[in-house]
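Raw contents of final-v4.csv, CSV, C-alpha atoms:
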```csv
chain,number,residue,atom,x,y,z
I,1407,ASN,CA,-9.7,-20.3,-13.5
I,1408,ALA,CA,-13.0,-19.9,-11.7
I,1409,GLY,CA,-11.5,-17.4,-9.2
I,1410,VAL,CA,-13.4,-17.1,-5.9
I,1411,THR,CA,-16.5,-19.2,-5.7
I,1412,GLN,CA,-19.1,-18.7,-3.0
I,1413,THR,CA,-22.1,-20.9,-2.3
I,1414,PRO,CA,-25.0,-20.6,-1.8
I,1415,LYS,CA,-25.9,-17.3,-3.5
I,1416,PHE,CA,-29.0,-16.9,-1.4
I,1417,GLN,CA,-30.1,-18.4,1.9
I,1418,VAL,CA,-33.0,-17.9,4.3
I,1419,LEU,CA,-32.6,-19.1,7.9
I,1420,LYS,CA,-34.7,-19.1,11.0
I,1421,THR,CA,-33.3,-17.6,14.2
I,1422,GLY,CA,-31.2,-20.2,16.0
I,1423,GLN,CA,-30.4,-22.3,12.9
I,1424,SER,CA,-26.8,-23.0,11.9
I,1425,MET,CA,-25.2,-23.0,8.5
I,1426,THR,CA,-22.0,-22.8,6.7
I,1427,LEU,CA,-21.2,-20.4,3.9
I,1428,GLN,CA,-18.7,-21.9,1.5
I,1429,CYS,CA,-15.8,-20.2,-0.2
I,1430,ALA,CA,-13.3,-21.8,-2.5
I,1431,GLN,CA,-10.5,-20.3,-4.6
I,1432,ASP,CA,-8.4,-21.9,-7.3
I,1433,MET,CA,-5.6,-19.3,-7.5
I,1434,ASN,CA,-3.4,-20.9,-4.8
I,1435,HIS,CA,-3.8,-17.7,-2.7
I,1436,GLU,CA,-2.6,-18.0,0.9
I,1437,TYR,CA,-4.7,-15.1,2.2
I,1438,MET,CA,-8.4,-15.4,2.5
I,1439,SER,CA,-11.0,-13.3,4.3
I,1440,TRP,CA,-14.7,-12.9,5.0
I,1441,TYR,CA,-16.6,-9.6,5.0
I,1442,ARG,CA,-20.2,-8.7,5.6
I,1443,GLN,CA,-21.9,-5.7,3.9
I,1444,ASP,CA,-25.1,-4.3,5.2
I,1445,PRO,CA,-27.4,-2.1,3.0
I,1446,GLY,CA,-25.7,1.1,2.0
I,1447,MET,CA,-22.6,0.3,4.0
I,1448,GLY,CA,-19.1,-0.6,3.4
I,1449,LEU,CA,-17.5,-4.0,4.1
I,1450,ARG,CA,-16.7,-5.1,7.6
I,1451,LEU,CA,-14.0,-7.7,8.2
I,1452,ILE,CA,-15.3,-10.8,10.0
I,1453,HIS,CA,-12.3,-13.3,10.0
I,1454,TYR,CA,-9.2,-13.7,7.9
I,1455,SER,CA,-6.6,-16.4,7.3
I,1456,VAL,CA,-3.0,-16.0,6.1
I,1457,GLY,CA,-2.6,-19.7,5.3
I,1458,ALA,CA,-3.8,-23.2,6.0
I,1459,GLY,CA,-4.2,-23.7,9.7
I,1460,ILE,CA,-4.0,-20.0,10.6
I,1461,THR,CA,-7.1,-17.8,11.3
I,1462,ASP,CA,-7.6,-14.6,13.1
I,1463,GLN,CA,-10.4,-12.2,14.0
I,1464,GLY,CA,-11.4,-9.1,12.1
I,1465,GLU,CA,-13.7,-6.2,13.1
I,1466,VAL,CA,-16.9,-8.1,13.8
I,1467,PRO,CA,-16.1,-11.8,14.6
I,1468,ASN,CA,-18.8,-12.5,17.2
I,1469,GLY,CA,-21.3,-15.2,16.1
I,1470,TYR,CA,-19.0,-16.5,13.4
I,1471,ASN,CA,-16.5,-19.3,13.3
I,1472,VAL,CA,-13.9,-20.2,10.6
I,1473,SER,CA,-11.4,-22.8,9.9
I,1474,ARG,CA,-8.8,-23.3,7.2
I,1475,SER,CA,-7.8,-26.9,6.7
I,1476,THR,CA,-6.7,-26.4,3.0
I,1477,THR,CA,-5.3,-23.5,1.0
I,1478,GLU,CA,-8.4,-23.6,-1.3
I,1479,ASP,CA,-11.3,-23.5,1.2
I,1480,PHE,CA,-12.3,-21.0,3.9
I,1481,PRO,CA,-15.8,-21.8,5.2
I,1482,LEU,CA,-17.7,-19.4,7.5
I,1483,ARG,CA,-20.0,-20.9,10.1
I,1484,LEU,CA,-22.9,-19.3,11.8
I,1485,LEU,CA,-23.6,-21.4,14.9
I,1486,SER,CA,-26.9,-19.9,15.9
I,1487,ALA,CA,-28.2,-17.4,13.4
I,1488,ALA,CA,-29.6,-14.1,14.6
I,1489,PRO,CA,-31.6,-11.4,12.7
I,1490,SER,CA,-28.6,-9.1,13.1
I,1491,GLN,CA,-26.6,-11.4,10.8
I,1492,THR,CA,-28.9,-10.6,7.9
I,1493,SER,CA,-26.4,-9.3,5.4
I,1494,VAL,CA,-24.5,-9.9,2.2
I,1495,TYR,CA,-21.4,-11.9,2.8
I,1496,PHE,CA,-18.3,-11.7,0.6
I,1497,CYS,CA,-15.3,-13.9,0.6
I,1498,ALA,CA,-12.0,-12.6,-0.8
I,1499,SER,CA,-8.6,-14.1,-1.5
I,1500,SER,CA,-5.2,-12.6,-2.4
I,1501,TYR,CA,-1.6,-13.6,-3.1
I,1502,SER,CA,0.0,-10.6,-1.4
I,1503,ARG,CA,-2.9,-8.8,0.3
I,1504,GLU,CA,-2.3,-5.9,-2.1
I,1505,LYS,CA,-5.1,-7.0,-4.5
I,1506,LEU,CA,-8.1,-8.8,-3.2
I,1507,PHE,CA,-10.2,-11.0,-5.5
I,1508,PHE,CA,-13.8,-11.1,-4.4
I,1509,GLY,CA,-16.5,-13.7,-4.8
I,1510,SER,CA,-20.0,-12.8,-6.0
I,1511,GLY,CA,-21.5,-12.9,-2.5
I,1512,THR,CA,-24.0,-14.7,-0.5
I,1513,GLN,CA,-27.2,-12.9,0.4
I,1514,LEU,CA,-28.4,-14.2,3.9
I,1515,SER,CA,-31.7,-13.4,5.5
I,1516,VAL,CA,-32.3,-14.5,9.1
I,1517,LEU,CA,-36.0,-14.4,10.1
J,780,SER,CA,-15.6,2.0,13.8
J,781,GLN,CA,-14.3,1.6,10.2
J,782,GLN,CA,-10.7,2.5,9.4
J,783,GLY,CA,-11.6,4.5,6.3
J,784,GLU,CA,-14.3,7.1,5.7
J,785,GLU,CA,-15.2,8.2,2.2
J,786,ASP,CA,-16.4,11.6,1.3
J,787,PRO,CA,-18.9,12.4,-0.2
J,788,GLN,CA,-21.3,9.5,0.6
J,789,ALA,CA,-22.9,10.1,-2.8
J,790,LEU,CA,-21.9,12.0,-5.9
J,791,SER,CA,-23.9,12.6,-9.1
J,792,ILE,CA,-22.2,14.2,-12.1
J,793,GLN,CA,-22.7,14.6,-15.8
J,794,GLU,CA,-21.1,12.2,-18.2
J,795,GLY,CA,-17.8,13.6,-19.3
J,796,GLU,CA,-17.1,15.5,-16.1
J,797,ASN,CA,-14.5,14.5,-13.6
J,798,ALA,CA,-15.4,12.7,-10.3
J,799,THR,CA,-13.3,13.1,-7.2
J,800,MET,CA,-13.9,11.1,-4.0
J,801,ASN,CA,-11.9,11.3,-0.8
J,802,CYS,CA,-10.9,8.8,1.8
J,803,SER,CA,-9.6,9.5,5.4
J,804,TYR,CA,-8.1,6.8,7.6
J,805,LYS,CA,-7.1,6.6,11.2
J,806,THR,CA,-3.9,4.6,11.6
J,807,SER,CA,-0.5,4.3,9.9
J,808,ILE,CA,-0.6,2.3,6.7
J,809,ASN,CA,1.7,0.4,4.4
J,810,ASN,CA,-0.6,0.9,1.4
J,811,LEU,CA,-4.1,2.1,0.4
J,812,GLN,CA,-6.2,0.5,-2.2
J,813,TRP,CA,-9.3,1.6,-4.1
J,814,TYR,CA,-12.1,-0.8,-5.2
J,815,ARG,CA,-15.2,-0.5,-7.3
J,816,GLN,CA,-18.5,-2.3,-6.7
J,817,ASN,CA,-21.2,-2.4,-9.3
J,818,SER,CA,-24.7,-2.9,-7.9
J,819,GLY,CA,-25.2,-6.4,-6.6
J,820,ARG,CA,-21.7,-7.6,-7.4
J,821,GLY,CA,-18.4,-8.2,-5.6
J,822,LEU,CA,-15.7,-5.6,-5.4
J,823,VAL,CA,-13.1,-5.2,-8.1
J,824,HIS,CA,-9.6,-3.9,-7.4
J,825,LEU,CA,-8.8,-0.6,-9.2
J,826,ILE,CA,-5.4,0.7,-7.9
J,827,LEU,CA,-3.0,0.5,-5.0
J,828,ILE,CA,-0.8,3.3,-3.7
J,829,ARG,CA,2.0,2.7,-1.3
J,830,SER,CA,2.8,4.8,1.8
J,831,ASN,CA,5.9,6.2,0.2
J,832,GLU,CA,4.1,7.3,-3.0
J,833,ARG,CA,2.2,10.6,-3.4
J,834,GLU,CA,0.5,10.0,-6.7
J,835,LYS,CA,-0.3,7.2,-9.0
J,836,HIS,CA,-2.1,7.0,-12.4
J,837,SER,CA,-3.9,4.1,-14.2
J,838,GLY,CA,-5.8,5.0,-17.3
J,839,ARG,CA,-8.5,7.5,-16.3
J,840,LEU,CA,-7.7,7.0,-12.6
J,841,ARG,CA,-5.5,9.3,-10.6
J,842,VAL,CA,-4.9,8.5,-6.9
J,843,THR,CA,-3.1,10.8,-4.4
J,844,LEU,CA,-2.0,10.0,-0.9
J,845,ASP,CA,-1.2,12.4,1.9
J,846,THR,CA,0.1,10.4,4.9
J,847,SER,CA,0.5,13.5,7.0
J,848,LYS,CA,-3.2,14.1,6.7
J,849,LYS,CA,-4.1,10.4,6.6
J,850,SER,CA,-6.1,11.0,3.5
J,851,SER,CA,-6.3,9.8,-0.2
J,852,SER,CA,-8.3,10.9,-3.2
J,853,LEU,CA,-9.5,9.1,-6.3
J,854,LEU,CA,-10.1,11.1,-9.4
J,855,ILE,CA,-11.9,9.6,-12.4
J,856,THR,CA,-11.5,11.8,-15.5
J,857,ALA,CA,-13.9,12.0,-18.4
J,858,SER,CA,-16.5,10.0,-16.6
J,859,ARG,CA,-18.7,7.5,-18.5
J,860,ALA,CA,-22.0,5.8,-17.7
J,861,ALA,CA,-20.2,2.6,-17.0
J,862,ASP,CA,-18.4,4.3,-14.1
J,863,THR,CA,-21.7,4.4,-12.1
J,864,ALA,CA,-20.8,2.3,-9.1
J,865,SER,CA,-19.8,2.5,-5.4
J,866,TYR,CA,-16.1,3.2,-4.7
J,867,PHE,CA,-14.3,2.1,-1.6
J,868,CYS,CA,-10.9,2.7,-0.1
J,869,ALA,CA,-9.2,0.0,1.9
J,870,THR,CA,-6.2,0.1,4.1
J,871,ASP,CA,-4.0,-2.5,5.9
J,872,ALA,CA,-4.9,-1.6,9.5
J,873,ASP,CA,-2.2,-3.4,11.4
J,874,SER,CA,1.6,-3.8,11.2
J,875,SER,CA,1.4,-7.2,9.7
J,876,ALA,CA,-0.8,-5.8,6.9
J,877,SER,CA,-3.1,-8.8,7.4
J,878,LYS,CA,-6.3,-6.9,8.3
J,879,ILE,CA,-7.6,-5.1,5.2
J,880,ILE,CA,-10.3,-2.7,6.4
J,881,PHE,CA,-12.7,-0.9,4.1
J,882,GLY,CA,-14.3,2.5,4.3
J,883,SER,CA,-17.9,3.3,4.0
J,884,GLY,CA,-17.8,4.1,0.3
J,885,THR,CA,-18.9,6.7,-2.2
J,886,ARG,CA,-21.9,6.0,-4.5
J,887,LEU,CA,-21.1,7.6,-7.9
J,888,SER,CA,-23.9,8.2,-10.4
J,889,ILE,CA,-23.1,9.4,-13.9
J,890,ARG,CA,-26.0,11.2,-15.7
J,891,PRO,CA,-26.1,10.8,-19.5
```
Could you render the structure as structure tokens?
Amino acid sequence: NAGVTQTPKFQVLKTGQSMTLQCAQDMNHEYMSWYRQDPGMGLRLIHYSVGAGITDQGEVPNGYNVSRSTTEDFPLRLLSAAPSQTSVYFCASSYSREKLFFGSGTQLSVL
Amino acid sequence: SQQGEEDPQALSIQEGENATMNCSYKTSINNLQWYRQNSGRGLVHLILIRSNEREKHSGRLRVTLDTSKKSSSLLITASRAADTASYFCATDADSSASKIIFGSGTRLSIRP
């Protein structure tokens, strides 16, 4: 099992550009979520999904869109990147929400 | 604001000593989890304690939960250099237990 795979690992964007952060898991987990982690800070929940076709907002959803068309994939879209979105993004999945499995993260810089 | 707040923000101890970090949260919970994050890596689940439990052990880890004070503590006994990491508590912040909210973390450094 690969676990939770995030791509890309690093990305630099210009203000106003759009991009999609990819997240895939091969553990057949229904629950998936996206977090952002700013330097020296904890994780803040952006969006989450309890199953295919179901998504909901977390603590900091503004500026981000998600969709969940399959159990395996949960992409995070930045429609118009802003410098305030410079952060490390983590995707996580879980069978029961009692143990999250994390990807290795995507380091995003918006200039 | 975040659901959980860890205390202290940073902790430096000698190898072999015990490390204790605390987490306070704001709302009622079903369970509380602790995670470890090594520098530049994703988080790894350590232990979960349910709201009807007061104490739980796993190897060198001991977790306590006081729901009346909305607080939890993580004790790492006989610390090792490999325990150097950031530690976060996480709680299910809504009744459906779908929002898993993390605290701000404690950075633990173990001195050889």
In terms of only C-alpha atoms, the residue from I:Leu1484, I:Met1438, I:Ile1452, I:Ile1460 at minimal distance from Ser1502 of chain I is I:Met1438
Could you check how far atom CA of Ala869 of chain J sits from atom CA of Leu811 of chain J, in Å to one decimal?
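It comes out at 5.7 Å.
Counting only C-alpha atoms, the residue from J:Ser851, J:Thr799, J:Ser858, J:Asn809 that sits nearest to chain I is J:Asn809.
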Please determine, counting all atoms listed in the file, which residue among I:Thr1477, I:Ser1515, I:Ser1493, I:Thr1461 has the shortest atom-to-atom distance to Asp1432 of chain I.
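Checking each of I:Thr1477, I:Ser1515, I:Ser1493, I:Thr1461 against Asp1432 of chain I, counting all atoms listed in the file, the winner is I:Thr1477.
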Check every residue of chain I for an atom within 8 Å of chain J, counting all atoms listed in the file, and provide those that qualify as a ChimeraX atom specification.
/I:1447-1451,1454,1456,1464,1496,1503-1511
Writer output for current selection, C-alpha atoms, as an mmCIF file, in the coordinates of the input:
```cif
data_model
loop_
_atom_site.group_PDB
_atom_site.id
_atom_site.type_symbol
_atom_site.label_atom_id
_atom_site.label_comp_id
_atom_site.auth_asym_id
_atom_site.auth_seq_id
_atom_site.Cartn_x
_atom_site.Cartn_y
_atom_site.Cartn_z
ATOM 1 C CA MET I 1447 -22.600 0.300 4.000
ATOM 2 C CA GLY I 1448 -19.100 -0.600 3.400
ATOM 3 C CA LEU I 1449 -17.500 -4.000 4.100
ATOM 4 C CA ARG I 1450 -16.700 -5.100 7.600
ATOM 5 C CA LEU I 1451 -14.000 -7.700 8.200
ATOM 6 C CA TYR I 1454 -9.200 -13.700 7.900
ATOM 7 C CA VAL I 1456 -3.000 -16.000 6.100
ATOM 8 C CA GLY I 1464 -11.400 -9.100 12.100
ATOM 9 C CA PHE I 1496 -18.300 -11.700 0.600
ATOM 10 C CA ARG I 1503 -2.900 -8.800 0.300
ATOM 11 C CA GLU I 1504 -2.300 -5.900 -2.100
ATOM 12 C CA LYS I 1505 -5.100 -7.000 -4.500
ATOM 13 C CA LEU I 1506 -8.100 -8.800 -3.200
ATOM 14 C CA PHE I 1507 -10.200 -11.000 -5.500
ATOM 15 C CA PHE I 1508 -13.800 -11.100 -4.400
ATOM 16 C CA GLY I 1509 -16.500 -13.700 -4.800
ATOM 17 C CA SER I 1510 -20.000 -12.800 -6.000
ATOM 18 C CA GLY I 1511 -21.500 -12.900 -2.500
#
```
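The space between atom CA of Ser852 of chain J and atom CA of Tyr1437 of chain I spans 26.8 Å.
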Shell around Phe1416 of chain I at 6 Å using all atoms listed in the file, local window under 5 positions removed, as a compact mmCIF listing (two decimals) with C-alpha atoms, in the frame of the given file:
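Here's the written file around11.txt:
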```txt
# COMPACT_ATOMS: atom_id res chain seq x y z
CA THR I 1512 -24.00 -14.70 -0.50
CA GLN I 1513 -27.20 -12.90 0.40
CA LEU I 1514 -28.40 -14.20 3.90
```
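Residue nearest Asp845 of chain J within the list J:Gln816, J:Asn797, J:Ser791, J:Ser803: J:Ser803 [criterion: smallest interatomic distance, all atoms listed in the file].
Atom CA of Val1410 of chain I lies 7.5 Å from atom CA of Cys1497 of chain I.
If all atoms listed in the file are the atoms counted, then among J:Asp786, J:Glu834, J:Glu794, J:Asp862 the closest residue to Ser818 of chain J is J:Asp862.
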